[in-house]
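For reference, the structure discussed in these notes is given below.
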Amino acid sequence: MKRSLLADAPRLLLLGALGLLLLMPYIWMVSASLKPLDELFRASLNLWPERFYAIENYSKVFNQVPVFQYLWNGVVVCAGILFFQLLFAVPAAYALAKLRFPGRDFVFGLVMLGLLVPPHVPALPLYVAFSQAGLLNTYAALILPFTISVFAIFLFRQFFKALPDELVHAARLDGMGEIEIVWRVILPNAWPAATAFAIFSVVAHWNDLFWPLIVIEGQARATPALGVLYFRSDEAGDDFASLMAAAVIMTAPLVLAFLFAQRRFVEGIATTGLKG
């Protein structure tokens, strides 16, 4: 055991150093949120504040902007997007992985091509469509453009390919239809992949600023990223300490969600695509 630990020590030290390097921006953000403004622009870099100013910084955020409204909007939007993405992606991925039909590989090729389309490309026609439909500044405008995820189809398809075909054959012998197999057999065995995709999806749309900035006006439907922008423009100004406090508040749910689901996340990434 000691030999194994000593042999793994260089690798663990390297991974720890890289992990710390990646975490440094977040560590600095948390540190800045605890300091008064005059300590942020000193030449020396001290993570621990000389004067503990967290109460003032965080109080300013909670008192001057509707923080819980932003967080609630983020929850509604991310949950709505994730629900529809799973609703459409799981059956599509099952069909591409387990069903045999003419043109299956061609359809999968189109899915792969869809991964190459940046989300900014359809932004203008989508904005015009939502404007003409009177859906701007609504949850629908924030959710509908992302209900179909080609990345989700690809990820689940790769995971479903690794599941044994005997599982599907046994379900069919029990009299299950294809839709019932998808939701009662396949999905329960794909929770690691679902958790991994859920984290990808929630992080992407929780932090998204581009699309909410286009379709949302005012604070009633503002998402967390847009809320931080409003706070900087209207309230914080050049008070970067309180701005860092707002950023910590808006990103804290993502950190907690990842810590809660990290085991499933790693399992889903590690086991996806083991079968071609």
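Identifiers in this document derive from the order of the structure tokens: chains are assigned A, B, ..., residues are numbered from 1 separately in each chain, and ligands are numbered from 1 in order of occurrence.
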Self-check item: Close residues, Gly218 in chain A itself excluded, 10 Å, only C-alpha atoms, min 2 positions apart in chain, as number ranges by chain
Solution: A: 137, 216, 220-222, 226-227, 230
Output of the above residues as a PDB file, in the first residue's frame, restricted to N, CA and C atoms:
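What landed in selection32.pdb:
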ATOM      1  N   ASN A 137     -39.210  38.526 -23.455  1.00  0.00           N
ATOM      2  CA  ASN A 137     -39.286  38.804 -22.026  1.00  0.00           C
ATOM      3  C   ASN A 137     -40.173  37.795 -21.287  1.00  0.00           C
ATOM      4  N   ILE A 216     -34.479  39.464 -22.998  1.00  0.00           N
ATOM      5  CA  ILE A 216     -35.024  39.871 -21.693  1.00  0.00           C
ATOM      6  C   ILE A 216     -34.745  41.347 -21.438  1.00  0.00           C
ATOM      7  N   ALA A 220     -37.492  41.278 -13.962  1.00  0.00           N
ATOM      8  CA  ALA A 220     -38.509  40.284 -13.622  1.00  0.00           C
ATOM      9  C   ALA A 220     -38.156  38.891 -14.121  1.00  0.00           C
ATOM     10  N   ARG A 221     -37.545  38.779 -15.303  1.00  0.00           N
ATOM     11  CA  ARG A 221     -37.180  37.483 -15.876  1.00  0.00           C
ATOM     12  C   ARG A 221     -35.666  37.338 -16.033  1.00  0.00           C
ATOM     13  N   ALA A 222     -34.899  38.179 -15.382  1.00  0.00           N
ATOM     14  CA  ALA A 222     -33.447  38.140 -15.534  1.00  0.00           C
ATOM     15  C   ALA A 222     -32.864  36.880 -14.917  1.00  0.00           C
ATOM     16  N   LEU A 226     -27.349  37.563 -16.081  1.00  0.00           N
ATOM     17  CA  LEU A 226     -27.875  38.874 -16.440  1.00  0.00           C
ATOM     18  C   LEU A 226     -28.068  39.737 -15.204  1.00  0.00           C
ATOM     19  N   GLY A 227     -28.437  39.107 -14.075  1.00  0.00           N
ATOM     20  CA  GLY A 227     -28.586  39.840 -12.828  1.00  0.00           C
ATOM     21  C   GLY A 227     -27.276  40.458 -12.361  1.00  0.00           C
ATOM     22  N   TYR A 230     -26.748  43.510 -14.451  1.00  0.00           N
ATOM     23  CA  TYR A 230     -27.589  44.611 -13.993  1.00  0.00           C
ATOM     24  C   TYR A 230     -27.029  45.223 -12.715  1.00  0.00           C
TER      25      TYR A 230
END
Quiz prompt | Shell around Ala171 in chain A at 9 Å using only C-alpha atoms, local window under 5 positions removed, as a PyMOL selection string | solution = chain A and resi 166+176-177+181+185
Exercise. Can you work out the spacing between CA of Val61 in chain A and CA of Ala246 in chain A in Å, to one decimal?
Key: 6.0 Å
Please identify the alpha helix (DSSP H) residues within range 202-263 of chain A (assignment by DSSP from backbone atoms) and present them as a short mmCIF file (atom, residue, chain, number, x, y, z; two decimals) with N, CA and C atoms, in the first residue's frame.
data_model
loop_
_atom_site.label_atom_id
_atom_site.label_comp_id
_atom_site.auth_asym_id
_atom_site.auth_seq_id
_atom_site.Cartn_x
_atom_site.Cartn_y
_atom_site.Cartn_z
N VAL A 202 -26.98 22.54 -17.13
CA VAL A 202 -27.29 23.57 -16.12
C VAL A 202 -26.19 24.61 -16.06
N VAL A 203 -24.93 24.18 -16.08
CA VAL A 203 -23.82 25.14 -16.03
C VAL A 203 -23.86 26.06 -17.26
N ALA A 204 -24.09 25.49 -18.42
CA ALA A 204 -24.10 26.28 -19.65
C ALA A 204 -25.19 27.33 -19.64
N HIS A 205 -26.40 26.95 -19.23
CA HIS A 205 -27.53 27.88 -19.31
C HIS A 205 -27.64 28.77 -18.08
N TRP A 206 -27.11 28.33 -16.95
CA TRP A 206 -27.07 29.20 -15.77
C TRP A 206 -26.12 30.37 -16.02
N PHE A 210 -25.47 35.63 -23.35
CA PHE A 210 -25.74 36.08 -24.71
C PHE A 210 -27.24 36.11 -25.02
N TRP A 211 -27.91 34.96 -24.87
CA TRP A 211 -29.32 34.90 -25.26
C TRP A 211 -30.23 35.67 -24.30
N PRO A 212 -30.10 35.56 -22.98
CA PRO A 212 -30.95 36.38 -22.10
C PRO A 212 -30.79 37.88 -22.34
N LEU A 213 -29.58 38.32 -22.68
CA LEU A 213 -29.36 39.74 -22.93
C LEU A 213 -30.14 40.22 -24.15
N ILE A 214 -30.42 39.30 -25.07
CA ILE A 214 -31.16 39.65 -26.29
C ILE A 214 -32.66 39.70 -26.05
N VAL A 215 -33.20 38.71 -25.33
CA VAL A 215 -34.66 38.56 -25.27
C VAL A 215 -35.29 39.07 -23.97
N PRO A 224 -29.41 34.59 -13.55
CA PRO A 224 -28.31 35.00 -12.66
C PRO A 224 -27.20 35.78 -13.35
N ALA A 225 -26.75 35.32 -14.52
CA ALA A 225 -25.68 36.04 -15.21
C ALA A 225 -26.12 37.45 -15.61
N LEU A 226 -27.35 37.56 -16.08
CA LEU A 226 -27.88 38.87 -16.44
C LEU A 226 -28.07 39.74 -15.20
N GLY A 227 -28.44 39.11 -14.07
CA GLY A 227 -28.59 39.84 -12.83
C GLY A 227 -27.28 40.46 -12.36
N VAL A 228 -26.18 39.73 -12.52
CA VAL A 228 -24.86 40.28 -12.16
C VAL A 228 -24.55 41.49 -13.04
N LEU A 229 -24.89 41.40 -14.32
CA LEU A 229 -24.66 42.52 -15.22
C LEU A 229 -25.48 43.73 -14.82
N TYR A 230 -26.75 43.51 -14.45
CA TYR A 230 -27.59 44.61 -13.99
C TYR A 230 -27.03 45.22 -12.72
N PHE A 240 -15.93 46.77 -7.06
CA PHE A 240 -15.67 45.41 -7.50
C PHE A 240 -15.78 44.40 -6.36
N ALA A 241 -15.62 44.84 -5.12
CA ALA A 241 -15.75 43.92 -3.99
C ALA A 241 -17.19 43.40 -3.89
N SER A 242 -18.15 44.30 -3.94
CA SER A 242 -19.55 43.87 -3.89
C SER A 242 -19.94 43.14 -5.17
N LEU A 243 -19.30 43.51 -6.29
CA LEU A 243 -19.57 42.78 -7.53
C LEU A 243 -19.09 41.34 -7.43
N MET A 244 -17.95 41.12 -6.79
CA MET A 244 -17.46 39.76 -6.57
C MET A 244 -18.40 39.00 -5.62
N ALA A 245 -18.95 39.70 -4.65
CA ALA A 245 -19.93 39.07 -3.75
C ALA A 245 -21.16 38.61 -4.53
N ALA A 246 -21.62 39.44 -5.47
CA ALA A 246 -22.76 39.05 -6.30
C ALA A 246 -22.42 37.84 -7.16
N ALA A 247 -21.20 37.81 -7.70
CA ALA A 247 -20.79 36.67 -8.53
C ALA A 247 -20.71 35.39 -7.70
N VAL A 248 -20.24 35.49 -6.45
CA VAL A 248 -20.17 34.31 -5.57
C VAL A 248 -21.57 33.78 -5.30
N ILE A 249 -22.51 34.68 -5.03
CA ILE A 249 -23.89 34.25 -4.74
C ILE A 249 -24.50 33.55 -5.94
N MET A 250 -24.27 34.09 -7.15
CA MET A 250 -24.88 33.53 -8.35
C MET A 250 -24.24 32.20 -8.76
N THR A 251 -22.98 32.00 -8.43
CA THR A 251 -22.31 30.75 -8.84
C THR A 251 -22.34 29.68 -7.75
N ALA A 252 -22.66 30.05 -6.52
CA ALA A 252 -22.66 29.09 -5.41
C ALA A 252 -23.58 27.90 -5.67
N PRO A 253 -24.80 28.08 -6.22
CA PRO A 253 -25.64 26.90 -6.49
C PRO A 253 -25.00 25.90 -7.44
N LEU A 254 -24.24 26.38 -8.42
CA LEU A 254 -23.57 25.47 -9.34
C LEU A 254 -22.49 24.66 -8.63
N VAL A 255 -21.74 25.31 -7.77
CA VAL A 255 -20.69 24.61 -7.03
C VAL A 255 -21.29 23.54 -6.13
N LEU A 256 -22.36 23.89 -5.43
CA LEU A 256 -23.01 22.92 -4.54
C LEU A 256 -23.60 21.76 -5.34
N ALA A 257 -24.20 22.06 -6.49
CA ALA A 257 -24.78 21.00 -7.32
C ALA A 257 -23.70 20.04 -7.81
N PHE A 258 -22.56 20.58 -8.21
CA PHE A 258 -21.49 19.72 -8.69
C PHE A 258 -20.92 18.87 -7.57
N LEU A 259 -20.72 19.45 -6.39
CA LEU A 259 -20.20 18.68 -5.27
C LEU A 259 -21.16 17.56 -4.88
N PHE A 260 -22.46 17.82 -5.02
CA PHE A 260 -23.46 16.82 -4.67
C PHE A 260 -23.48 15.68 -5.68
N ALA A 261 -23.24 16.01 -6.96
CA ALA A 261 -23.39 15.00 -8.02
C ALA A 261 -22.07 14.61 -8.67
N GLN A 262 -20.93 14.95 -8.06
CA GLN A 262 -19.66 14.74 -8.75
C GLN A 262 -19.38 13.26 -9.01
N ARG A 263 -19.79 12.38 -8.09
CA ARG A 263 -19.51 10.96 -8.29
C ARG A 263 -20.22 10.43 -9.53
#
Quiz prompt | Shell of 8 Å around range 93-110 of chain A, only C-alpha atoms, local chain residues under 6 positions omitted, as a list in words | solution =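 Listing them by chain and then by number gives Ile153, Phe154, Phe156, Arg157, Gln158, Phe160, Lys161, Asp165 and Val182 of chain A.
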Find the residues of range 148-251 of chain A that sit at most 8 Å from range 84-88 of chain A; for each, write down the nearest two atoms and how far apart they are in Å, to one decimal. Count only C-alpha atoms. Sort by chain, then by number going up, and give it as a tab-separated table.
residue	atom	partner	partner_atom	distance
A:Ile148	CA	A:Gln85	CA	5.3
A:Ser149	CA	A:Gln85	CA	5.9
A:Ala152	CA	A:Gln85	CA	7.2
Output file for the residues above (all heavy atoms, as a compact mmCIF listing (two decimals), in the first residue's frame):
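Saved as out_12.txt:
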# COMPACT_ATOMS: atom_id res chain seq x y z
N ILE A 148 -33.96 21.15 -27.83
CA ILE A 148 -33.34 20.02 -28.52
C ILE A 148 -31.83 20.23 -28.49
O ILE A 148 -31.32 21.22 -29.01
CB ILE A 148 -33.84 19.90 -29.96
CG1 ILE A 148 -35.34 19.63 -29.98
CG2 ILE A 148 -33.09 18.79 -30.70
CD1 ILE A 148 -35.95 19.54 -31.36
N SER A 149 -31.12 19.30 -27.88
CA SER A 149 -29.67 19.38 -27.73
C SER A 149 -29.02 18.25 -28.53
O SER A 149 -29.20 17.08 -28.19
CB SER A 149 -29.27 19.30 -26.26
OG SER A 149 -27.87 19.14 -26.12
N ALA A 152 -26.70 16.30 -26.33
CA ALA A 152 -27.37 15.31 -25.49
C ALA A 152 -27.64 14.04 -26.29
O ALA A 152 -27.44 12.92 -25.78
CB ALA A 152 -28.67 15.89 -24.94
Practice problem: Would you please work out which residue, of A:Ile179, A:Leu82, A:Leu135, A:Ala54, is nearest to Ala198 in chain A when using only C-alpha atoms? | Solution: A:Leu82
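Distances here use only C-alpha atoms; by that measure, the residue among A:Val90, A:Leu187, A:Ala196, A:Val150 closest to Pro118 in chain A is A:Val150.
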Practice problem: Using CA of Tyr70 in chain A and CA of Val30 in chain A as the two end points, give the distance in Å to one decimal. | Solution: 19.7 Å
